[in-house]
Each structure stands twice: as structure tokens, then as C-alpha cells.
Amino acid sequence: AMLQPALVLVDHGHFQYNTTALGLALWAFYHCSQKRGVLASILFVGALSFKQMSLYYSPAIFAYLLGTCFSSTPDDKAETDNNTSTDDSNRSTKSTINFSWTRFWSYGAAVIVSLVALWSPVVLAQDPENPTTTALSRLKQILVRIFPMQRGLFEDKVSNLWFVSSLKPLRLPQRFLPTGWQPVAALAVTLVLCLPPCATLFQLGRRQQQQPSTSNKENIDTLSTLLLGA
């Protein structure tokens with residue numbers, strides 16, 4: 001799909017190599033479904049570092065990987081205590097929720113190591129055209145490009161909801177919010193709208209840890225649909 005001629009022609013024609021970031025993101029989604037969260041984390045950091053638009057997928061993949069850190073086991077003690085009961089329907093069906101700190105920290109370590117490996121050459125390299133810049137200022141420039149809040153709601157008439165709502169006679173953002181608060185409000189609305197699919201992905205990741213490997217195909221289909229449709 002990433003080598004589809006029309007997509008390659010459009011992207012390369014205006015020097016936006018989106019297929020590289022999309023390919024890395026797709027590999028990250030695939031390895032998520034194969035219970036390879038560490039490798040998925042490394043690949044997604046690569047996608048995000050290559051193109052900031054991969055940030056759109058970060059809530060979904062974060063929710064999914066966080067879900068894999070949770071698992072539930074039957075509360076055997078509660079069932080044992082109820083063995084004296086003559087009515088089987090009264091037996092406890094409670095389960096204990098477990099959190100895997102090992103898996104959680106392994107994901108975090110993979111992200112941090114990948115970021116350091118990819119960003120350190122840019123942060124530590126001295127700019128010959130501007131030798132007065134510091135490593136901290138270069139790191140700030142990376143973060144500004146990943147989170148371009150200074151651009152406002154949209155740039156160059158990008159066709160999205162915020163552009164349409166800003167046209168006359170609507171001009172909704174200008175009527176209700178100062179210019180500086182519009183990106184913050186857009187971020188808040190986006191995060192709220194992300195909650196339902198992220199909750200679904202969280203539950204999907206949690207269930208996957210308790211399913212055998214033979215059910216991976218179903219998980220791949222579900223994960224691809226949710227992540228690519230977000």
C-alpha cells in the first residue's frame with residue numbers, strides 16, 4: 001500500500017515523504033497485535049520523529065499498549081471460600097486486576113532510548129551557520145515542530161473542521177475564543193473525541209494478553225480498523 005504509485009507521486013512531488021512515516025506506523029500497529037510492544041514502541045518513535053503527523057495516532061497506540069499492561073486473573077481464594085455453599089450460582093466470580101510494571105517500564109525504556117538515539121545527533125551537533133545556538137534551543141525546535149501550536153488552528157487553508165468553521169459567515173472560532181486560545185480549545189476537543197476509541201483500544205489490548213496466539217488475526221483486523229480509522 002505504501003508503494004501505491006499515486007500516493008508516492010503526490011508525496012514525492014511536493015517533497016512530503018509521508019509513506020515512510022505511514023509505513024513505520026503500520027509496522028508498529030502490526031507488532032502491537034503480535035504482542036511485541038517494545039518493538040512497536042521503537043517503530044512508532046521512528047514514525048513520530050520522521051513526521052509529526054504521526055502524533056495523530058499516538059493516543060490510540062498509547063491506549064492500546066497501556067491496556068496490554070493490565071490483566072485479570074480469577075480470584076481463586078474467593079471461590080474456595082464459597083465451596084461450602086450448596087448453591088453454585090452464589091459462587092464468587094470476582095477477578096483480580098494485575099498491572100505489569102515490567103512491561104510498562106520496558107515500553108518506556110524503549111521510547112526513551114529510541115528518542116535519545118534519533119534526536120541526539122540533531123541536538124548535539126553544532127550548527128555552522130548559527131554557532132551561538134545551544135543544545136537546549138535545538139531540542140526546543142524539535143518539540144516546536146512536533147507540537148506546532150504557534151501555527152494556529154490550520155495552515156495554508158488545510159481542509160479540516162477548523163478551516164470550514166472559520167469561513168464566513170460562520171467564523172465560529174473567532175466569535176467565541178481569542179486567537180491564542182483557539183489551538184488549546186481544539187486540542188481539548190480532539191482529546192475528548194479520542195476517548196471512546198481509546199477506551200476500546202485499551203480494552204482490546206487488555207484482552208489480547210489473555211488470548212492464545214491463534215486469535216491474532218482477529219486482533220490484527222480490529223487493531224488496523226481502529227487505528228487507521230482514527
# chains A, B, ... in the order shown; residues from 1 in each chain; ligands from 1
>>> residues_around(residues="range 99-108 of chain A", least_positions_apart="4", cutoff="9 Å", atoms="only C-alpha atoms", output="NGL selection string")
:A and (37-42 or 65-66 or 68-72 or 112-113)
>>> residues_around(residues="Leu48 in chain A", least_positions_apart="6", cutoff="9 Å", atoms="only C-alpha atoms", output="VMD selection string")
chain A and resid 21 24 to 25 54 to 55 58 146
>>> closest_residue(among="A:Leu201, A:Ser114, A:Phe50, A:Ala188", to="Ile142 in chain A", atoms="only C-alpha atoms")
A:Phe50
>>> closest_residue(among="A:Thr190, A:Ser33, A:Gln16, A:Gln4", to="Ile61 in chain A", atoms="only C-alpha atoms")
A:Ser33
>>> residues_around(residues="Cys198 in chain A", least_positions_apart="5", cutoff="7 Å", atoms="only C-alpha atoms", output="list in words")
Pro59, Ala60 and Ala63 of chain A
>>> write_last_selection(atoms="N, CA and C atoms", output="CSV table (one decimal), in the first residue's frame")
chain,number,residue,atom,x,y,z
A,59,PRO,N,-2.4,8.8,20.7
A,59,PRO,CA,-3.3,8.5,21.7
A,59,PRO,C,-3.8,7.0,21.6
A,60,ALA,N,-4.1,6.6,20.3
A,60,ALA,CA,-4.6,5.3,20.1
A,60,ALA,C,-3.5,4.2,20.5
A,63,ALA,N,-3.0,4.1,24.3
A,63,ALA,CA,-4.1,3.4,25.0
A,63,ALA,C,-4.0,1.9,24.8
>>> residues_around(residues="Thr19 in chain A", least_positions_apart="5", cutoff="10 Å", atoms="only C-alpha atoms", output="PyMOL selection string")
chain A and resi 1-4+7-8+11-12+24-25+47+51
>>> atom_distance(atom1="CA of Gln34 in chain A", atom2="CA of Ile97 in chain A")
22.2 Å
>>> residues_around(residues="Ala125 in chain A", least_positions_apart="4", cutoff="10 Å", atoms="only C-alpha atoms", output="PyMOL selection string")
chain A and resi 120-121+134-135+138
>>> write_last_selection(atoms="all heavy atoms", output="PDB file, in the first residue's frame")
ATOM      1  N   SER A 120      19.622  12.813  19.478  1.00  0.00           N
ATOM      2  CA  SER A 120      20.917  13.309  19.963  1.00  0.00           C
ATOM      3  C   SER A 120      21.812  13.842  18.846  1.00  0.00           C
ATOM      4  O   SER A 120      22.503  14.854  19.065  1.00  0.00           O
ATOM      5  CB  SER A 120      21.632  12.211  20.761  1.00  0.00           C
ATOM      6  OG  SER A 120      21.811  11.046  19.977  1.00  0.00           O
ATOM      7  N   PRO A 121      21.857  13.229  17.645  1.00  0.00           N
ATOM      8  CA  PRO A 121      22.706  13.835  16.603  1.00  0.00           C
ATOM      9  C   PRO A 121      22.268  15.253  16.233  1.00  0.00           C
ATOM     10  O   PRO A 121      23.117  16.101  15.931  1.00  0.00           O
ATOM     11  CB  PRO A 121      22.528  12.871  15.414  1.00  0.00           C
ATOM     12  CG  PRO A 121      22.145  11.572  16.031  1.00  0.00           C
ATOM     13  CD  PRO A 121      21.297  11.929  17.208  1.00  0.00           C
ATOM     14  N   THR A 134      22.321  26.724  21.262  1.00  0.00           N
ATOM     15  CA  THR A 134      22.659  25.739  22.289  1.00  0.00           C
ATOM     16  C   THR A 134      21.883  24.447  22.049  1.00  0.00           C
ATOM     17  O   THR A 134      20.941  24.405  21.260  1.00  0.00           O
ATOM     18  CB  THR A 134      22.324  26.278  23.679  1.00  0.00           C
ATOM     19  OG1 THR A 134      20.903  26.510  23.762  1.00  0.00           O
ATOM     20  CG2 THR A 134      23.062  27.591  23.938  1.00  0.00           C
ATOM     21  N   ALA A 135      22.311  23.390  22.730  1.00  0.00           N
ATOM     22  CA  ALA A 135      21.614  22.105  22.612  1.00  0.00           C
ATOM     23  C   ALA A 135      20.167  22.225  23.082  1.00  0.00           C
ATOM     24  O   ALA A 135      19.264  21.601  22.513  1.00  0.00           O
ATOM     25  CB  ALA A 135      22.357  21.040  23.424  1.00  0.00           C
ATOM     26  N   ARG A 138      18.061  23.787  20.361  1.00  0.00           N
ATOM     27  CA  ARG A 138      17.802  22.848  19.266  1.00  0.00           C
ATOM     28  C   ARG A 138      16.772  21.801  19.670  1.00  0.00           C
ATOM     29  O   ARG A 138      15.934  21.392  18.865  1.00  0.00           O
ATOM     30  CB  ARG A 138      19.110  22.189  18.829  1.00  0.00           C
ATOM     31  CG  ARG A 138      20.060  23.156  18.111  1.00  0.00           C
ATOM     32  CD  ARG A 138      21.241  22.416  17.504  1.00  0.00           C
ATOM     33  NE  ARG A 138      22.171  21.952  18.532  1.00  0.00           N
ATOM     34  CZ  ARG A 138      23.190  22.655  19.005  1.00  0.00           C
ATOM     35  NH1 ARG A 138      23.404  23.894  18.575  1.00  0.00           N
ATOM     36  NH2 ARG A 138      23.997  22.157  19.906  1.00  0.00           N
TER      37      ARG A 138
END
>>> atom_distance(atom1="CA of Leu9 in chain A", atom2="CA of Leu26 in chain A")
19.9 Å
>>> atom_distance(atom1="CA of Val111 in chain A", atom2="CA of Pro128 in chain A")
29.8 Å
